[in-house]
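Peer 1: Could you have a look at this structure, given as C-alpha cells, before my questions?
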Protein chains: 4
Amino acid sequence: MNRSELIQYFRHVRKVSEDICAPLETEDYVVQPVEDVSPPKWHLGHTTWFYEALFLDKYIPDYKPYHPTYSFLFNSYYQSLGDRWERPRRGVLSRPTVEEVYKFRQAVSERMGDLIDNISEKEWPEFHDLVILALNHEQQHQELLLTDIKYILAVNPLQPLYRKSGEKGKPATPAVKTSYVPFEGGMHRIGFQGNGFCYDNELPEHDSYVNHFKLANRLVTNAEYLEFMKEGGYKDFRHWLSDGWDTVQREKWEAPLHWKKLDNKWYEMTLGGWRKAVSDSPVCHVSYFEAEAFASWAGKRLPTEDEWEAAARLSRANQSPGNFFDDGFLHPLAAAATGKSKIFQLLGDVWEWTSSAYLPYPGYRQAAGALGEYNGKFMINQMVLRGGSCATSRDHARISYRNFFQPDKRWQFTGFRLADELK
Amino acid sequence: MNRSELIQYFRHVRKVSEDICAPLETEDYVVQPVEDVSPPKWHLGHTTWFYEALFLDKYIPDYKPYHPTYSFLFNSYYQSLGDRWERPRRGVLSRPTVEEVYKFRQAVSERMGDLIDNISEKEWPEFHDLVILALNHEQQHQELLLTDIKYILAVNPLQPLYRKSGEKGKPATPAVKTSYVPFEGGMHRIGFQGNGFCYDNELPEHDSYVNHFKLANRLVTNAEYLEFMKEGGYKDFRHWLSDGWDTVQREKWEAPLHWKKLDNKWYEMTLGGWRKAVSDSPVCHVSYFEAEAFASWAGKRLPTEDEWEAAARLSRANQSPGNFFDDGFLHPLAAAATGKSKIFQLLGDVWEWTSSAYLPYPGYRQAAGALGEYNGKFMINQMVLRGGSCATSRDHARISYRNFFQPDKRWQFTGFRLADELK
Amino acid sequence: MNRSELIQYFRHVRKVSEDICAPLETEDYVVQPVEDVSPPKWHLGHTTWFYEALFLDKYIPDYKPYHPTYSFLFNSYYQSLGDRWERPRRGVLSRPTVEEVYKFRQAVSERMGDLIDNISEKEWPEFHDLVILALNHEQQHQELLLTDIKYILAVNPLQPLYRKSGEKGKPATPAVKTSYVPFEGGMHRIGFQGNGFCYDNELPEHDSYVNHFKLANRLVTNAEYLEFMKEGGYKDFRHWLSDGWDTVQREKWEAPLHWKKLDNKWYEMTLGGWRKAVSDSPVCHVSYFEAEAFASWAGKRLPTEDEWEAAARLSRANQSPGNFFDDGFLHPLAAAATGKSKIFQLLGDVWEWTSSAYLPYPGYRQAAGALGEYNGKFMINQMVLRGGSCATSRDHARISYRNFFQPDKRWQFTGFRLADELK
Amino acid sequence: MNRSELIQYFRHVRKVSEDICAPLETEDYVVQPVEDVSPPKWHLGHTTWFYEALFLDKYIPDYKPYHPTYSFLFNSYYQSLGDRWERPRRGVLSRPTVEEVYKFRQAVSERMGDLIDNISEKEWPEFHDLVILALNHEQQHQELLLTDIKYILAVNPLQPLYRKSGEKGKPATPAVKTSYVPFEGGMHRIGFQGNGFCYDNELPEHDSYVNHFKLANRLVTNAEYLEFMKEGGYKDFRHWLSDGWDTVQREKWEAPLHWKKLDNKWYEMTLGGWRKAVSDSPVCHVSYFEAEAFASWAGKRLPTEDEWEAAARLSRANQSPGNFFDDGFLHPLAAAATGKSKIFQLLGDVWEWTSSAYLPYPGYRQAAGALGEYNGKFMINQMVLRGGSCATSRDHARISYRNFFQPDKRWQFTGFRLADELK
C-alpha cells in the first residue's frame, strides 16, 4: 500500500473495533467472567498500546508515552516489553474509564496517522510491513471482542442482547446434503505462497506428503450434533480422549457452550439473542475434545491441517467463501449449494478444528524481540484451526492461516468438518 | 417515630448511600477485586431488594417484583428468601447497569414511602420496627460501600482518588499520651439496655463477672505500630497465633492493608489519597491477627468485649465520641484531649478488635425466618469488634453494638486499643 | 514422684504407645490419608524426638542427636526448635522404616532412663515437671494414634480390622433415660485447682459468673441422632451455622464420620470393626457444626465450658467416670445408671463439644520458648471440648482439661451433651 | 512363541518386576510422593490384575477373582473394566500389604501358567498375541517402577540408597565429540514394519516426506547442559515456550530433576546414590520444555519423530545400541565411539524428546474394548519420545516405538539430541 492507502486502511481497522463495541453499555466494557475473556475496554486499550510500543516508542524521538502506567496495564504477554498486570485480574480494574480508553485510542491513532505521513522513505518498507502486522493484530482482537462480548452477555442472568437481530435477516436455507469429496494424495505445497501479509507461523512454504483422503462437503450441523447428544455422546467415555472425558466430567458439559435446554428443546445463544438451535446451521462453540468425540462416534475423523489446506487450494475455497464478519450475520449460516462448488464453507462461518497440533513448520525460526513472542512461544498443547469464522474480517482470512487454541477452549466460533480415508 | 419522621429518616438513609457513591465513575460500581469486596452497584441493589423482600412482597397484596431476576441477583445470603447468584462472582455481572440500579432504588423507595404512609395502624408497630432494622441494615452497607470503594481504588495502579481531600481538612493534632485507666472488676450489666433499636445479638441483657483491669486511654497509633514493624514484628513467629503466622507467610504481609513503602517511608492510603503515615493517627486496616501480635509484642493484651463495654459505660463514652462518618473525615483522627474525659475514641474512628469470640449471649435464641439469618448463623470463627468507625453513621453506633469479622480480615476501618491486668 | 516412680511411669507411658501400634502391619504405619491424620510411625518418632529436644539436648553435655535429620522429620510445629518437614507431606516418607523408628524410641528411652537416674538434685524439680509434661504430651499422641489408625483403616476399601472385638465384650446396656439436671448459677471457680500436673491453658484459676442452667444427664445417643437425620437434619439450612452449612454441602456430609448406609440401615465403624449403629451408644465422630445443628434442631443448646466445669465439680464427676482407654473398649458405651449419680459420662466415652471458643483464661500469659508454643498459639478459631474419651488414658483426664479442635473436625472421639436455660 | 517358550518368557518378565523391587524396604512400596508416582506395590498389583482382567476372567469359565476388591484397587484407567480407586490417592492405602500383593502375584502367575499350557489350539493365536501385549505392558511398568522408586528415595531427606553402586562399575569414558550427521530428505517409510509385536500406535506403516536434515551424533551431555544453566538458561524467558516459562516460574526449576547444588557444585542422583554431575554423561530427567529451551538457546532444534525414525533406520541404530536395563547400570552412560557407527545412543540410555506431538498415524483406528483405551485416548497434549532408556528392557525397545509424556514431565529417564536443517 502507499501512504494514503495505508492511512485509510488504518482508520478503517481502528473504526471496526469501535463499531463492534458501539452497542455496549459502559458496564459491559469492564467485566471478565472467566480468565479467557478479557474486558472489552482492555482489548481497546491493548490494541492501542500495541502501536505505542511498536511504533511511537520506536520511530518518534523522545516519545513520551500517553500515560506512564498504560504499558503496564495493556501489555498482554510480551516479556520483551516490560512488566504486565496479571491476566486473570484484568476485570478488577475500574480505571482507566471507558471514556479515557477511547481518548487514548484517538490520541495514538492521530500520532500514527502523522507517522504514516511522515516516516522517511528509508524506513517506510519495514514500517509499512509492521503496520500491516499491527492491523492484523487488531483484527484478531476484533474477533476476540465479539466472542468475549458474547460470553459476557451470555453469563448474565438478565440475558441482555448485543443487538436485536442477526443472522435472522437471512432467509433460512436448508443445508446441502452431506457428501464426501475425494482428494488425491501426494506431495502438496503447504504454507503461505503469496506476496501479501502472513504470520510467521505460516512459513516457510514447504512440501508435505498427504495420503488420499475424503473431506466432507460442509460443516457438521446442529441437527447432526443433536443426534450425537441424543445418543448419549456426552455420557459415553468410549468416544472421548482421556483428557476430554475428564473435562466433560469436571465441567459437567452436556452441550456446546452457549446452549441451554428449555422444555426439552435446545436453544443456542447468538449475538442477536437466544433461539431454538437451527438444525441446518453449523454447530458452533464446540471444543476440540467435542469435535474429536463426535468424529469418533461417527466413525470418521477430523482432517489434518495439511489435508485441509490441500483441499482448500484444490477446490479454490476462496471463490465460494462462507459468511464473514463483513456479512454482518455474526453467526454461522447453513451451507447453501451455490455455484459450481462441490465443497462449502471452507472459509468463513466457523473456525474448523483440525487433528494437527500447533507446531512449527519445517525450517521455522522464531523472530528475535517482541515479534518473536507473537506466535512461536505458543507452539505447545494447542490444536490448529483453519478457515476463519463469521467473526473474522474477510480480508483477514486466507487459506494458509493457522489459528490455534487449547483443546478444551470453546468460546470462539469453532466448529468442524469430518474427513475420512479414501481407500 | 411517627409516620412522617420515619419517611424523613428513610429518605435520609437512602440518600446517604447514594451520596457515598456520587464521586464514582460508572466503571467503579462494577468490579469486585476480591471476594470480600462487593461491587458498589451490588450494595445499592441489595439494600433495595431488602425492602422488596421484607416489605413490598409482604405488605402489598399481589405485589409484582420490580424485576423477576433481581431477587436472584441481589439476595446476599438469605436461604429463606430463595436462590442467589454466587458471591464470588458478583463482579462478572455488567447488567443491570448502574442507571438501572438507581431506577430500581427510586421505584422501591417510592413504594416504601407509600407503604409508610398507608400501612394500617394495626400493622404499624411491627412494620415500624422492621423498617428501622432495614435502615440499620442499609447503614451497615454504607460502611461496606466506603471500605469496598477504598479497596477498589487502592488495587488500581492508576491510584484514582475518591475525593481530593479528607481528614486533611482538620488541623493535625498530637495524640494524647498513652496511659492506662483502671477499672474495678465485679458484676457488670452487659448487652443493650435502652428502648430504641438494637440487633438481636446484643440481647439478652445479662450479668457478667469481670476482673479488675486497665484499659489504654486511646487507640494504638501509627507511630507505635511502626515501632512494632521496625523491631521485626512481621518477621518473628513468637508474637503470632499459629494461624496468624501462616497468614503472614502466605499473604506476605509486612504492614497494614493500604500501606506501601516508598523511599524507605511508609505511606497509607486514605479516601483522600495517599499520604505519609501520620504518626499520631490510630493505626487502621489491621486484622485481629496483627492486633493480637502487637499486643503480645507489647506485653499487653486486647480487652474482652465485656471489659470494653463495662469501661465504655463507666466512662460515659458517648459523651466524648470520636470521629464518625457524619464528621466527614473518613479516616481515623489522632485522639485529642478534650473535655474532662480520661479515655478517648471508644466510639468512632476505628472498630476495635476485642479478644472475644463472636458467640451468643446467655439465653440468646435465633429468630425464626429470614431475620434469624441476620446474625446468629455467623456465630463461629469470628471475633467481636466494638465502637464504630469513621465510616459509621453516628446514629448507627452504640456501646452495646457487636460487630464481627474473621481474624484475618482487615479491609474495614479496624484498629485496636490495649488492655492489661490490674494487679 | 520420686525417681523410681518416674522411671516406672515413663516406661509405662512409652509402652502404651507401642502397645497401641502392636496390631498394625508395617504398611499401616506409613500412610497419611488426609492432612489431619499423621502416619503412626510419625507419632512414634515425634513423641521420641520430644524427649531428645527437651531433655537430652539440654541436660546431656555435648549430646549428639541419635540421627542428624530426625529433628527435621519429627518436629511438629515448634518454630523455636528448628525447621520442619511440612505436615501435609508426612505420608510420603518411606524412611526411616518402622523398625528404625522403634530403635530410635528404644535408644532415647534408655538415655531418658539414665537421665532420670542421674540428674542432679538441683535440676530435679524442674526436670521432673518437664518429664511429666512430656509424658502427658505422649498420652495426647496416644489418643491421636488411635483415631489416626481408625481413619487409616476406615478409608481402605478392604475394611481391615484393628482387632477382632472391642466394645462387644461388654453386655449391651440400655442408656438411662434423658433428663435435665438443674444447676444453680452464681460465681464458680474455674480452672485447675489441684497440686499435680495441668496444662498452662487450664490456668489461672479464676472466678466466673454462670447463670442458672440445666445439663442433660447423659450424652446424646445414636438413636437420638438418627432421629435428627431422619427428619432431614443434614438437608435443612435452618439448623446450621453458615460455615457449617457450607461444610455440609462441600463435604456432602449426611451422617457422622465413619458411618455408612447399607440396605437402608446405618452402620458405624469401631476399632473392632463395622456394626449396626447401636441405638443407646453415644453418637461419636461428629463435628461442632453437627453438635450445634442438632442442639438447634432439638430446641436446646450446648453448654459453655464454664457450665460444664461447674456441673462436673458439683456432681463429683470423677466419682462416676465413664469409659476410658484403660477400660479397653475403645468405643463409647451406653450410659448405664450406676451408683447414686444423677449425671453420667462427664468424664470418658467421648469428648464433649462446648459452645465456648478456645481462648485464654483471664490473666493467662504464654510461656517463653518452645513450651509457649504448646497451647497458646492455637487460641483462635477452635472450640473447647471437655471430659476425655474412650481413647484417653484415665490418668490423663481431669475436670479442668481443655481440649480444642476446629469446628469442622470430627475424626476424634467427639460427641456432645445438651444444655438449656433454667428459668 | 510356542507354549513352553511363552511360559518361560512369562516367568522371566514376571520375575524382573520382583527383582527390581528386591532392594526395597516394605515402607518403600507404599508411598506416593506426587500424583505421577505410584507406590511400587500398586505397580506389582496392577500388572497382576491386568492378567486377571484380560485372561483369567475371559478364558477360565466361572473364574472367581482372587479378591473381590482388587479389580477396584488395581485398575488404572480402563473405564471398560469397571470403577477404580482414584489415582492421586493410591498412596493412602496401607492394605493390601506388600506380602499380600506378592501372594496375589504368585496365585495369578500360576493360573496364567496353567492357561498357557491348556488353552485350546483354536484360541491360542489370539491368546498368544494378547499375552505378548500383557508382557510388554508389564515391561512398561518395570520402567515406571524404577523411576517411581527413584523419586520415592530422592524425595526423602534421609537420602536412602537403592543400591550401593550402579553405573560406577563401568570405567568412565569420555563422550565422543559432537558432530552432525547429514540425512537425505525424501519419502520415508514410518511405523512398525516387522512381524513381531508392536503397539497399535506404531501402525499403520505409512509414507512420510522428510526434508534434508542433520542429526547430532550423540545425546546432549551434562557438561553442555551446565553451560546452558551457567548462561542463565533458566532465567531468560526468550528461550522458553510460554507454558514452559510459566512452569519454570511456578515450580522454581533451576536444574534437571534430581539435581542439587552443594558448595557451588551440581550433584545428580542415580539409583546408586548421589554423585557430582558427570560431564560426559547424557543429561537426564529434563522435560520437553527444558529440551526445547536448550535447543532454542543453542540455535538448533529437536528432531521430529519421523526424522528420528528415518535416521535410526538408515544408520542401523540397533546394531550399535546404547545402555539398557539389561546392562545393569540404570543410568545413562557417556557415548563412547564404538565400531563403525557414526551416530550413537539412538537406542538406550535416555528417551529422546522429539518435536512431534503424540497423534495418530494416518489411517490409525482405535481398537474396540479395553485395549482401545491403551494408547489412543492419550493422543492429546503429549510429546513423542523415542529410543528407550537405561531402564528399558532391551527386548522391549525398537526403532518404531513411540513413548509419550506431557511436556512438563521429567521423572522418567528423559534426555534429548539436537537436530538442524541441512541447507
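FYI, nothing fancy with the C-alpha cells labels: chains A, B, ... in order, residues from 1 per chain, ligands from 1 as they appear.
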Set the distance at 10 Å and use only C-alpha atoms: which residues neighbour B:Arg111 once local chain neighbours fewer than 6 positions away are removed? I'd like the list as a ChimeraX atom specification.
Peer 2: /B:51-52,55-56,60,117
Peer 1: Where does DSSP see helix (DSSP H, G or I) in stretch 216-350 of chain C, if you list the residues as a PyMOL selection string?
Peer 2: chain C and resi 222-230+233-235+237-239+242-251+288-297+305-314+317-319+325-327
Peer 1: Could you save those same residues with N, CA and C atoms as a short mmCIF file (atom, residue, chain, number, x, y, z; two decimals), in the first residue's frame?
Peer 2:
```cif
data_model
loop_
_atom_site.label_atom_id
_atom_site.label_comp_id
_atom_site.auth_asym_id
_atom_site.auth_seq_id
_atom_site.Cartn_x
_atom_site.Cartn_y
_atom_site.Cartn_z
N ASN C 222 -26.89 -42.39 69.59
CA ASN C 222 -27.10 -42.69 68.18
C ASN C 222 -28.58 -42.64 67.81
N ALA C 223 -29.43 -43.20 68.66
CA ALA C 223 -30.87 -43.22 68.35
C ALA C 223 -31.40 -41.81 68.21
N GLU C 224 -30.99 -40.94 69.12
CA GLU C 224 -31.46 -39.56 69.05
C GLU C 224 -30.90 -38.85 67.81
N TYR C 225 -29.66 -39.18 67.51
CA TYR C 225 -29.05 -38.53 66.36
C TYR C 225 -29.68 -39.03 65.06
N LEU C 226 -30.02 -40.30 65.04
CA LEU C 226 -30.68 -40.86 63.85
C LEU C 226 -32.02 -40.18 63.62
N GLU C 227 -32.66 -39.80 64.69
CA GLU C 227 -33.93 -39.07 64.58
C GLU C 227 -33.72 -37.73 63.84
N PHE C 228 -32.67 -37.06 64.25
CA PHE C 228 -32.28 -35.81 63.57
C PHE C 228 -32.01 -36.06 62.08
N MET C 229 -31.31 -37.11 61.79
CA MET C 229 -31.01 -37.45 60.39
C MET C 229 -32.30 -37.76 59.63
N LYS C 230 -33.16 -38.55 60.25
CA LYS C 230 -34.41 -38.93 59.58
C LYS C 230 -35.28 -37.72 59.29
N GLY C 233 -32.18 -33.50 59.05
CA GLY C 233 -31.25 -32.59 59.71
C GLY C 233 -30.13 -32.09 58.80
N TYR C 234 -29.61 -32.98 57.96
CA TYR C 234 -28.50 -32.59 57.09
C TYR C 234 -28.97 -31.87 55.83
N LYS C 235 -30.29 -31.72 55.69
CA LYS C 235 -30.80 -31.10 54.46
C LYS C 235 -31.46 -29.75 54.71
N PHE C 237 -31.01 -26.02 56.01
CA PHE C 237 -30.04 -25.00 56.39
C PHE C 237 -30.38 -24.31 57.71
N ARG C 238 -31.66 -24.32 58.07
CA ARG C 238 -32.07 -23.53 59.23
C ARG C 238 -31.41 -23.96 60.53
N HIS C 239 -31.00 -25.22 60.61
CA HIS C 239 -30.38 -25.68 61.85
C HIS C 239 -28.91 -25.30 61.96
N SER C 242 -23.72 -20.83 59.35
CA SER C 242 -23.46 -20.61 57.93
C SER C 242 -22.23 -21.40 57.45
N ASP C 243 -21.14 -21.32 58.19
CA ASP C 243 -19.94 -22.09 57.82
C ASP C 243 -20.20 -23.60 57.90
N GLY C 244 -21.04 -23.99 58.83
CA GLY C 244 -21.38 -25.41 58.96
C GLY C 244 -22.15 -25.89 57.74
N TRP C 245 -23.10 -25.09 57.32
CA TRP C 245 -23.90 -25.46 56.14
C TRP C 245 -23.01 -25.55 54.90
N ASP C 246 -22.09 -24.62 54.76
CA ASP C 246 -21.14 -24.69 53.64
C ASP C 246 -20.35 -26.00 53.69
N THR C 247 -19.94 -26.38 54.90
CA THR C 247 -19.17 -27.62 55.04
C THR C 247 -20.01 -28.83 54.66
N VAL C 248 -21.25 -28.86 55.12
CA VAL C 248 -22.16 -29.97 54.78
C VAL C 248 -22.28 -30.10 53.26
N GLN C 249 -22.44 -28.96 52.57
CA GLN C 249 -22.58 -29.00 51.11
C GLN C 249 -21.28 -29.46 50.46
N ARG C 250 -20.20 -28.86 50.86
CA ARG C 250 -18.91 -29.13 50.21
C ARG C 250 -18.46 -30.57 50.44
N GLU C 251 -18.63 -31.04 51.67
CA GLU C 251 -18.15 -32.37 52.01
C GLU C 251 -19.22 -33.44 51.81
N TYR C 288 -18.27 -29.99 65.69
CA TYR C 288 -19.00 -28.94 66.40
C TYR C 288 -20.21 -28.49 65.59
N PHE C 289 -20.02 -28.37 64.28
CA PHE C 289 -21.12 -27.93 63.43
C PHE C 289 -22.33 -28.86 63.58
N GLU C 290 -22.06 -30.16 63.61
CA GLU C 290 -23.16 -31.12 63.73
C GLU C 290 -23.79 -31.08 65.12
N ALA C 291 -22.93 -30.98 66.14
CA ALA C 291 -23.45 -30.91 67.51
C ALA C 291 -24.34 -29.68 67.67
N GLU C 292 -23.88 -28.57 67.13
CA GLU C 292 -24.61 -27.32 67.28
C GLU C 292 -25.92 -27.37 66.50
N ALA C 293 -25.87 -27.99 65.30
CA ALA C 293 -27.08 -28.10 64.48
C ALA C 293 -28.11 -29.01 65.16
N PHE C 294 -27.62 -30.10 65.74
CA PHE C 294 -28.54 -30.99 66.47
C PHE C 294 -29.21 -30.22 67.61
N ALA C 295 -28.41 -29.50 68.37
CA ALA C 295 -28.95 -28.75 69.51
C ALA C 295 -30.01 -27.75 69.04
N SER C 296 -29.71 -27.09 67.93
CA SER C 296 -30.65 -26.11 67.39
C SER C 296 -31.95 -26.79 66.97
N TRP C 297 -31.81 -27.94 66.31
CA TRP C 297 -32.98 -28.72 65.89
C TRP C 297 -33.79 -29.18 67.10
N GLU C 305 -18.15 -23.96 78.43
CA GLU C 305 -17.18 -24.77 79.17
C GLU C 305 -17.25 -24.48 80.67
N ASP C 306 -17.63 -23.27 81.04
CA ASP C 306 -17.73 -22.96 82.47
C ASP C 306 -18.92 -23.70 83.09
N GLU C 307 -20.02 -23.75 82.37
CA GLU C 307 -21.16 -24.54 82.87
C GLU C 307 -20.76 -25.99 83.04
N TRP C 308 -20.09 -26.50 82.03
CA TRP C 308 -19.69 -27.91 82.08
C TRP C 308 -18.80 -28.16 83.30
N GLU C 309 -17.84 -27.27 83.50
CA GLU C 309 -16.88 -27.47 84.58
C GLU C 309 -17.56 -27.34 85.95
N ALA C 310 -18.44 -26.33 86.02
CA ALA C 310 -19.17 -26.15 87.29
C ALA C 310 -20.01 -27.39 87.60
N ALA C 311 -20.71 -27.89 86.60
CA ALA C 311 -21.55 -29.07 86.79
C ALA C 311 -20.71 -30.28 87.17
N ALA C 312 -19.54 -30.41 86.52
CA ALA C 312 -18.70 -31.57 86.80
C ALA C 312 -18.18 -31.54 88.22
N ARG C 313 -17.83 -30.35 88.67
CA ARG C 313 -17.34 -30.25 90.06
C ARG C 313 -18.48 -30.53 91.04
N LEU C 314 -19.63 -29.91 90.79
CA LEU C 314 -20.75 -30.05 91.73
C LEU C 314 -21.26 -31.49 91.78
N ALA C 317 -17.98 -35.50 89.21
CA ALA C 317 -17.93 -36.33 88.01
C ALA C 317 -16.88 -37.43 88.09
N ASN C 318 -15.80 -37.16 88.79
CA ASN C 318 -14.76 -38.21 88.80
C ASN C 318 -15.08 -39.37 89.72
N GLN C 319 -16.18 -39.26 90.42
CA GLN C 319 -16.57 -40.43 91.23
C GLN C 319 -17.40 -41.43 90.44
N PHE C 325 -9.68 -45.20 77.94
CA PHE C 325 -8.75 -46.09 77.23
C PHE C 325 -8.43 -47.33 78.05
N ASP C 326 -8.22 -47.12 79.35
CA ASP C 326 -7.82 -48.22 80.23
C ASP C 326 -8.86 -49.32 80.30
N ASP C 327 -10.11 -48.97 79.98
CA ASP C 327 -11.17 -49.98 80.05
C ASP C 327 -11.15 -50.90 78.84
#
```
Peer 1: Residues of chain C within 8 Å of chain D, using only C-alpha atoms, as a list in words?
Peer 2: Glu25, Thr26, Glu27, Asp28, Val30, Val31, Gln32, Pro33, Thr69, Arg89, Gly91, Val92, Leu93, Ser94, Arg95, Pro96, Thr97, Val98, Ile152, Val155, Asn156, Pro157, Leu158 and Pro160 of chain C
Peer 1: Could the residues in this selection be saved with C-alpha atoms as a short mmCIF file (atom, residue, chain, number, x, y, z; two decimals), in the first residue's frame?
Peer 2:
```
data_model
loop_
_atom_site.label_atom_id
_atom_site.label_comp_id
_atom_site.auth_asym_id
_atom_site.auth_seq_id
_atom_site.Cartn_x
_atom_site.Cartn_y
_atom_site.Cartn_z
CA GLU C 25 1.00 -54.11 59.71
CA THR C 26 4.18 -52.28 58.76
CA GLU C 27 2.32 -50.58 55.89
CA ASP C 28 -0.27 -49.12 58.28
CA VAL C 30 3.28 -45.14 56.82
CA VAL C 31 0.24 -43.58 55.18
CA GLN C 32 -1.50 -40.23 55.69
CA PRO C 33 -4.95 -40.32 54.09
CA THR C 69 17.87 -35.47 60.30
CA ARG C 89 3.64 -34.50 53.33
CA GLY C 91 2.85 -39.62 54.37
CA VAL C 92 5.35 -39.51 51.51
CA LEU C 93 8.28 -40.59 53.63
CA SER C 94 9.04 -44.28 53.48
CA ARG C 95 12.13 -43.85 55.64
CA PRO C 96 13.01 -44.10 58.44
CA THR C 97 11.49 -47.55 58.45
CA VAL C 98 9.20 -48.62 61.22
CA ILE C 152 -6.34 -45.15 58.05
CA VAL C 155 -10.54 -45.22 54.37
CA ASN C 156 -9.40 -48.57 53.00
CA PRO C 157 -11.90 -50.40 50.79
CA LEU C 158 -10.60 -53.70 52.16
CA PRO C 160 -9.19 -54.09 57.61
#
```
Peer 1: Can you tell me which residues surround stretch 337-351 of chain B at a distance of at most 6 Å, considering only C-alpha atoms, apart from same-chain residues fewer than 6 positions away, and format the answer as number ranges by chain?
Peer 2: B: 176, 217-218, 321-324, 385-390, 413-415
Peer 1: Give me the residues within 8 Å of stretch 372-382 of chain A as number ranges by chain, counting only C-alpha atoms and dropping any in the same chain fewer than 5 places off.
Peer 2: A: 78, 200-201, 357-360, 366-367, 404-407; D: 240-243, 380-382
Peer 1: I need the residues in stretch 230-279 of chain D that are strand (DSSP E) according to DSSP; give them as an mmCIF file with N, CA and C atoms, in the first residue's frame.
Peer 2:
```cif
data_model
loop_
_atom_site.group_PDB
_atom_site.id
_atom_site.type_symbol
_atom_site.label_atom_id
_atom_site.label_comp_id
_atom_site.auth_asym_id
_atom_site.auth_seq_id
_atom_site.Cartn_x
_atom_site.Cartn_y
_atom_site.Cartn_z
ATOM 1 N N TRP D 259 18.629 -33.116 40.639
ATOM 2 C CA TRP D 259 19.912 -32.430 40.765
ATOM 3 C C TRP D 259 19.863 -31.546 42.011
ATOM 4 N N LYS D 260 21.001 -31.358 42.646
ATOM 5 C CA LYS D 260 21.073 -30.359 43.713
ATOM 6 C C LYS D 260 22.468 -29.751 43.768
ATOM 7 N N LYS D 261 22.524 -28.564 44.325
ATOM 8 C CA LYS D 261 23.770 -27.823 44.352
ATOM 9 C C LYS D 261 24.339 -27.852 45.766
ATOM 10 N N LEU D 262 25.592 -28.224 45.875
ATOM 11 C CA LEU D 262 26.283 -28.208 47.168
ATOM 12 C C LEU D 262 27.622 -27.527 46.955
ATOM 13 N N LYS D 265 28.702 -26.741 43.494
ATOM 14 C CA LYS D 265 28.847 -27.826 42.514
ATOM 15 C C LYS D 265 27.492 -28.523 42.360
ATOM 16 N N TRP D 266 27.196 -28.945 41.163
ATOM 17 C CA TRP D 266 25.939 -29.657 40.935
ATOM 18 C C TRP D 266 26.118 -31.158 41.076
ATOM 19 N N TYR D 267 25.194 -31.757 41.802
ATOM 20 C CA TYR D 267 25.176 -33.203 42.002
ATOM 21 C C TYR D 267 23.917 -33.782 41.365
ATOM 22 N N GLU D 268 24.040 -35.018 40.879
ATOM 23 C CA GLU D 268 22.853 -35.681 40.343
ATOM 24 C C GLU D 268 22.630 -36.980 41.090
ATOM 25 N N MET D 269 21.388 -37.331 41.273
ATOM 26 C CA MET D 269 21.085 -38.573 41.957
ATOM 27 C C MET D 269 20.996 -39.705 40.950
ATOM 28 N N THR D 270 21.648 -40.798 41.258
ATOM 29 C CA THR D 270 21.481 -42.012 40.456
ATOM 30 C C THR D 270 20.886 -43.072 41.370
ATOM 31 N N GLY D 273 23.057 -43.718 44.130
ATOM 32 C CA GLY D 273 23.363 -42.645 45.080
ATOM 33 C C GLY D 273 23.701 -41.330 44.388
ATOM 34 N N TRP D 274 23.981 -40.326 45.188
ATOM 35 C CA TRP D 274 24.322 -39.011 44.658
ATOM 36 C C TRP D 274 25.778 -38.981 44.219
ATOM 37 N N ARG D 275 26.058 -38.234 43.184
ATOM 38 C CA ARG D 275 27.430 -38.058 42.715
ATOM 39 C C ARG D 275 27.521 -36.727 41.981
ATOM 40 N N LYS D 276 28.724 -36.226 41.827
ATOM 41 C CA LYS D 276 28.884 -34.998 41.070
ATOM 42 C C LYS D 276 28.417 -35.248 39.644
#
```
Peer 1: One decimal, Å: what's the distance from atom CA of B:Ser17 over to atom CA of B:Pro256, could you say?
Peer 2: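 For atom CA of B:Ser17 relative to atom CA of B:Pro256, the distance reads 27.0 Å.
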Peer 1: Write out as a PyMOL selection string which residues come within 6 Å of D:Leu219 when counting only C-alpha atoms, dropping same-chain ones fewer than 5 positions away.
Peer 2: chain D and resi 282+416-417
Peer 1: Quick one, how far is atom CA of C:Glu123 from atom CA of C:Lys58?
Peer 2: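 According to the coordinates, atom CA of C:Glu123 and atom CA of C:Lys58 are separated by 11.4 Å.
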Peer 1: Suppose you want the space between atom CA of A:Pro23 and atom CA of A:Ala134; what is it in Å?
Peer 2: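 We find that atom CA of A:Pro23 and atom CA of A:Ala134 lie 24.9 Å from each other.
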